[in-house]
$ cat model38.cif   # mmCIF, C-alpha atoms
data_work
loop_
_atom_site.label_atom_id
_atom_site.label_comp_id
_atom_site.auth_asym_id
_atom_site.auth_seq_id
_atom_site.Cartn_x
_atom_site.Cartn_y
_atom_site.Cartn_z
CA GLY V 1 -139.71 61.62 -167.76
CA ARG V 2 -137.09 58.96 -167.06
CA HIS V 3 -134.86 57.27 -169.59
CA THR V 4 -132.94 54.05 -169.05
CA VAL V 5 -129.25 54.64 -169.61
CA ARG V 6 -126.10 52.56 -169.49
CA ALA V 7 -125.14 51.08 -166.14
CA ILE V 8 -121.78 52.84 -165.97
CA PHE V 9 -121.53 56.63 -166.05
CA VAL V 10 -118.44 58.77 -166.31
CA MET V 11 -117.84 60.81 -163.16
CA THR V 12 -115.67 63.40 -164.88
CA VAL V 13 -115.43 64.52 -168.47
CA ARG V 14 -111.69 64.05 -168.66
CA SER V 15 -111.08 60.88 -166.69
CA PRO V 16 -113.31 57.82 -167.01
CA SER V 17 -111.24 56.01 -164.38
CA PRO V 18 -111.30 55.67 -161.42
CA SER V 19 -114.16 58.15 -161.15
CA THR V 20 -117.04 56.04 -162.37
CA MET V 21 -120.35 55.33 -160.72
CA ILE V 22 -121.83 51.86 -160.92
CA LEU V 23 -125.61 51.62 -160.98
CA GLN V 24 -127.81 48.56 -160.98
CA GLU V 25 -129.11 47.56 -164.39
CA ASP V 26 -132.69 48.49 -163.48
CA GLU V 27 -131.83 51.92 -162.10
CA LYS V 28 -132.76 54.95 -164.15
CA VAL V 29 -131.37 58.46 -164.44
CA PRO V 30 -134.00 61.20 -164.87
CA LEU V 31 -133.81 63.25 -168.03
CA TRP V 32 -133.34 66.45 -166.00
CA VAL V 33 -130.09 65.00 -164.64
CA GLN V 34 -128.88 64.10 -168.11
CA LYS V 35 -129.63 67.64 -169.24
CA ILE V 36 -127.64 69.22 -166.41
CA SER V 37 -124.59 67.06 -165.88
CA THR V 38 -121.77 66.63 -168.38
CA LYS V 39 -120.73 63.42 -166.68
CA TYR V 40 -123.08 61.12 -168.50
CA GLU V 41 -122.54 59.40 -171.81
CA SER V 42 -126.25 59.61 -172.58
CA GLN V 43 -126.98 63.31 -173.04
CA GLN V 44 -130.06 64.65 -174.79
CA GLU V 45 -131.01 68.29 -175.33
CA SER V 46 -128.16 69.44 -173.10
CA ILE V 47 -128.72 72.78 -171.40
CA ILE V 48 -124.99 73.47 -171.16
CA THR V 49 -124.70 77.05 -172.37
CA ASN V 50 -121.14 76.92 -173.67
CA GLU V 51 -119.78 74.39 -176.13
CA LYS V 52 -117.10 72.37 -174.37
CA THR V 53 -114.01 71.96 -176.54
CA SER V 54 -111.32 71.15 -173.99
CA ASN V 55 -111.02 69.55 -170.58
CA ASN V 56 -110.15 72.83 -168.89
CA GLU V 57 -113.09 74.91 -170.06
CA GLU V 58 -115.73 76.02 -167.62
CA VAL V 59 -118.97 74.08 -167.61
CA ILE V 60 -122.00 76.33 -167.15
CA CYS V 61 -125.64 75.30 -166.92
CA CYS V 62 -128.86 76.85 -165.64
CA TYR V 63 -127.61 76.43 -162.05
CA GLY V 64 -124.35 78.22 -162.70
CA GLU V 65 -120.75 77.20 -163.20
CA ARG V 66 -119.66 73.69 -162.22
CA ILE V 67 -117.13 73.94 -159.41
CA LYS V 68 -113.84 72.16 -159.87
CA VAL V 69 -112.30 70.39 -156.90
CA GLU V 70 -109.05 68.55 -157.47
CA GLU V 71 -109.75 65.73 -155.05
CA TRP V 72 -113.03 64.93 -156.85
CA ASP V 73 -111.82 65.32 -160.41
CA ASN V 74 -108.29 63.95 -160.23
CA SER V 75 -107.88 60.70 -162.16
CA ASP V 76 -105.32 59.37 -159.66
CA ALA V 77 -107.02 56.84 -157.39
CA ASN V 78 -104.41 57.58 -154.69
CA TYR V 79 -104.83 61.37 -154.79
CA ARG V 80 -106.47 61.62 -151.36
CA SER V 81 -104.05 59.31 -149.55
CA THR V 82 -101.00 61.04 -151.04
CA ASN V 83 -102.37 64.42 -149.97
CA GLY V 84 -102.97 63.63 -146.32
CA TRP V 85 -106.50 62.17 -146.22
CA LYS V 86 -107.07 58.96 -144.29
CA GLY V 87 -110.12 57.67 -146.14
CA PHE V 88 -112.78 58.42 -148.73
CA ASP V 89 -115.05 61.45 -149.06
CA LEU V 90 -118.35 60.64 -147.35
CA MET V 91 -120.54 62.50 -149.84
CA HIS V 92 -118.49 62.60 -153.05
CA ASP V 93 -116.78 59.21 -153.35
CA THR V 94 -118.00 56.98 -156.18
CA ASN V 95 -119.06 54.31 -153.66
CA SER V 96 -120.88 56.59 -151.22
CA PRO V 97 -124.38 55.35 -150.30
CA VAL V 98 -125.57 58.91 -150.89
CA ARG V 99 -123.50 60.80 -153.39
CA ILE V 100 -123.42 64.40 -154.55
CA ILE V 101 -122.43 64.12 -158.21
CA ASP V 102 -121.81 67.76 -159.13
CA TYR V 103 -122.05 71.23 -157.61
CA TYR V 104 -122.88 74.37 -159.62
CA VAL V 105 -122.49 77.89 -158.25
CA LYS V 106 -124.05 81.27 -158.96
CA TYR V 107 -122.19 83.98 -157.08
CA GLY V 108 -123.76 86.95 -155.37
CA ASN V 109 -122.60 90.51 -156.03
CA GLY V 110 -120.20 90.62 -153.10
CA GLY V 111 -122.56 92.49 -150.79
CA ASP V 112 -123.26 91.43 -147.24
CA ASN V 113 -125.55 94.18 -145.94
CA LYS V 114 -123.01 94.97 -143.23
CA SER V 115 -120.86 97.99 -142.47
CA GLY V 116 -117.84 98.88 -140.38
CA ASP V 117 -116.03 95.97 -138.72
CA ASP V 118 -118.66 93.52 -139.98
CA ALA V 119 -118.21 94.42 -143.65
CA THR V 120 -116.57 92.10 -146.16
CA THR V 121 -115.72 94.87 -148.60
CA ASN V 122 -112.72 93.09 -150.11
CA THR V 123 -114.86 90.94 -152.41
CA THR V 124 -116.66 91.96 -155.59
CA ALA V 125 -118.46 88.62 -155.95
CA GLY V 126 -119.80 86.03 -153.58
CA GLY V 127 -121.31 87.07 -150.27
CA ILE V 128 -125.06 87.14 -149.70
CA GLY V 129 -127.10 85.58 -152.48
CA THR V 130 -124.42 83.11 -153.54
CA THR V 131 -126.23 79.87 -154.39
CA LEU V 132 -124.82 76.36 -154.73
CA THR V 133 -126.85 73.60 -156.37
CA GLY V 134 -125.95 69.93 -156.42
CA ILE V 135 -127.19 66.75 -158.05
CA VAL V 136 -127.52 64.07 -155.38
CA TYR V 137 -128.18 60.35 -155.74
CA PHE V 138 -129.66 58.38 -152.82
CA SER V 139 -128.78 54.73 -153.45
CA SER V 140 -130.36 51.60 -151.97
CA ARG V 141 -127.36 51.32 -149.61
CA ALA V 142 -128.75 54.31 -147.66
CA GLU V 143 -131.94 52.40 -146.83
CA SER V 144 -133.50 52.46 -143.34
CA HIS V 145 -137.28 51.93 -143.34
CA LYS V 146 -138.26 49.56 -146.14
CA GLY V 147 -137.78 51.36 -149.42
CA TYR V 148 -136.75 54.68 -147.86
CA CYS V 149 -133.43 56.33 -147.06
CA HIS V 150 -132.14 56.95 -143.56
CA GLY V 151 -132.84 60.42 -142.21
CA GLY V 152 -129.16 60.73 -141.38
CA SER V 153 -128.33 60.50 -145.08
CA MET V 154 -130.57 63.49 -145.74
CA THR V 155 -128.92 65.45 -142.91
CA SER V 156 -125.46 64.56 -144.22
CA VAL V 157 -126.36 66.03 -147.60
CA MET V 158 -127.56 69.21 -145.89
CA ASP V 159 -124.30 69.38 -143.92
CA ASP V 160 -122.26 69.04 -147.09
CA VAL V 161 -124.08 71.71 -149.10
CA ILE V 162 -124.01 74.14 -146.18
CA GLY V 163 -120.26 73.79 -145.84
CA TRP V 164 -119.47 74.02 -149.56
CA THR V 165 -121.78 77.00 -150.02
CA ALA V 166 -119.79 78.85 -147.38
CA PHE V 167 -116.57 77.96 -149.22
CA MET V 168 -117.89 80.14 -152.10
CA VAL V 169 -118.30 83.30 -150.00
CA THR V 170 -115.29 85.10 -151.52
CA GLY V 171 -116.53 84.73 -155.09
CA LYS V 172 -114.38 81.69 -155.78
CA CYS V 173 -114.26 78.16 -154.45
CA ILE V 174 -111.81 77.81 -151.54
CA PRO V 175 -112.14 74.20 -150.32
CA TRP V 176 -111.86 73.53 -146.60
CA SER V 177 -111.80 77.23 -145.74
CA GLY V 178 -114.07 76.81 -142.73
CA PHE V 179 -116.03 74.43 -140.50
CA THR V 180 -119.75 73.78 -140.16
CA VAL V 181 -120.62 74.33 -136.48
CA GLN V 182 -124.43 74.17 -136.51
CA ILE V 183 -127.12 72.53 -138.63
CA ASN V 184 -130.88 72.79 -138.13
CA THR V 185 -132.76 70.42 -140.42
CA SER V 186 -136.42 69.54 -140.88
CA LEU V 187 -137.06 66.25 -142.68
CA CYS V 188 -140.22 67.06 -144.61
CA LYS V 189 -140.79 64.00 -146.79
CA PRO V 190 -139.11 60.57 -146.85
CA ILE V 191 -136.79 59.88 -149.79
CA PRO V 192 -137.26 56.57 -151.63
CA VAL V 193 -134.09 54.63 -152.39
CA ASN V 194 -132.56 55.15 -155.84
CA SER V 195 -133.78 58.76 -155.97
CA TRP V 196 -132.16 61.62 -157.88
CA LEU V 197 -132.74 64.99 -156.23
CA LEU V 198 -131.40 68.53 -156.09
CA VAL V 199 -129.77 70.06 -153.03
CA THR V 200 -129.39 73.83 -152.78
CA GLY V 201 -127.58 76.13 -150.39
CA LYS V 202 -127.78 79.93 -150.30
CA ILE V 203 -125.77 82.43 -148.27
CA VAL V 204 -128.17 84.65 -146.32
CA SER V 205 -125.80 86.49 -143.99
CA VAL V 206 -122.11 87.14 -143.38
CA GLU V 207 -121.10 88.52 -139.98
CA LYS V 208 -117.73 89.70 -138.64
CA LYS V 209 -116.08 88.30 -141.77
CA ARG V 210 -116.19 84.76 -140.40
CA LYS V 211 -119.76 83.73 -139.57
CA VAL V 212 -121.63 82.59 -142.69
CA THR V 213 -125.28 81.56 -142.42
CA ILE V 214 -126.73 79.35 -145.15
CA GLU V 215 -130.25 78.21 -145.91
CA ALA V 216 -130.54 74.84 -147.63
CA GLN V 217 -133.09 72.42 -149.01
CA ILE V 218 -133.42 69.12 -150.86
CA THR V 219 -136.04 69.10 -153.62
CA ASN V 220 -137.42 66.70 -156.20
CA PRO V 221 -137.65 68.08 -159.76
CA ASP V 222 -139.66 64.99 -160.75
CA ASP V 223 -142.35 65.82 -158.17
CA ASN V 224 -143.09 69.51 -158.72
CA ASN V 225 -139.95 70.47 -156.77
CA ILE V 226 -141.49 69.23 -153.55
CA ILE V 227 -139.23 69.83 -150.54
CA ASN V 228 -137.85 66.67 -148.89
CA ALA V 229 -135.71 68.52 -146.35
CA LYS V 230 -134.99 72.12 -145.42
CA GLY V 231 -132.95 73.95 -142.86
CA ASN V 232 -130.08 76.29 -142.14
CA GLY V 233 -126.58 76.16 -140.84
CA LEU V 234 -123.68 78.22 -139.58
CA VAL V 235 -120.13 77.98 -140.90
CA ILE V 236 -117.13 79.61 -139.22
CA LEU V 237 -114.50 80.58 -141.79
CA ASN V 238 -110.78 80.30 -141.21
CA LYS V 239 -109.31 83.66 -140.19
CA GLU V 240 -107.40 84.14 -143.42
CA THR V 241 -110.36 83.50 -145.72
CA LEU V 242 -111.85 87.02 -145.69
#
$ encode --input "model38.cif" --output "structure tokens"
Amino acid sequence: GRHTVRAIFVMTVRSPSPSTMILQEDEKVPLWVQKISTKYESQQESIITNEKTSNNEEVICCYGERIKVEEWDNSDANYRSTNGWKGFDLMHDTNSPVRIIDYYVKYGNGGDNKSGDDATTNTTAGGIGTTLTGIVYFSSRAESHKGYCHGGSMTSVMDDVIGWTAFMVTGKCIPWSGFTVQINTSLCKPIPVNSWLLVTGKIVSVEKKRKVTIEAQITNPDDNNIINAKGNGLVILNKETL
């Protein structure tokens, strides 16, 4: 079911400003989102598995451990500009038309089903089977056809999850450790504006220590996990990553 909640939600647990997301008064956040994310003031029957007592503790839910990225969580509004960025993050900024709120990771066991020169034997976690799950909000500012989001917004979400899933290949999050070079996406069902969905990426192969293939999909937990988009992508890691 859906519960009406306050119009302003905290983006991070430790810093209510500037990382806040403004919603319209009539917009609603599904209960499943409230159960997963620690970013909301209205939490009921939280499925967080560890009791959070400090700002630095890991946050773990049914989709794994919440990944921490300084540029998303830092309370300094000028963090990106002072660290070399020229603008705002397309998918993670508080004002993005389509915004990925949180990512949670479950790492694989470090295996990659390869041997010899193709093996990535220097990792004990990550590799094949690593899964990244994100909460994504499609706002009315992503509208194309009346009442529905632009297909490009769906593809952008797929691009983002494919890239960030690859950044987990070593068993820890290494931001910007590679580049997405190919995305194949099927748009299966239009997404209404003001929708809350899940996006998932999973590593399915690692070749020559640099080529990471990911399968991804966008699903709707409020509609029997129906698939709105699915596809796969290829990420080339930086040479020093593995």
$ atom_distance --input "model38.cif" --atom1 "CA of Ser177 in chain V" --atom2 "CA of Lys211 in chain V"
12.0 Å
$ residues_around --input "model38.cif" --residues "range 143-158 of chain V" --least-positions-apart "2" --cutoff "9 Å" --atoms "all atoms listed in the file" --output "JSON, numbers by chain"
{"V": [90, 91, 97, 98, 99, 100, 136, 138, 139, 140, 141, 160, 161, 162, 163, 183, 184, 185, 186, 187, 190, 191, 192, 193, 194, 199, 200, 201, 216, 217, 218, 228, 229, 230, 231, 232, 233]}
$ resolve_selection --input "model38.cif" --expression "the PyMOL selection byres ((chain V and resi 205) around 8)" --output "PyMOL selection string"
chain V and resi 112-113+127-128+203-204+206-207+211-214
$ atom_distance --input "model38.cif" --atom1 "CA of Trp176 in chain V" --atom2 "CA of Glu240 in chain V"
11.9 Å
$ closest_residue --input "model38.cif" --among "V:Gly110, V:Asp76, V:Asn238, V:Pro30" --to "Ala125 in chain V" --atoms "only C-alpha atoms"
V:Gly110
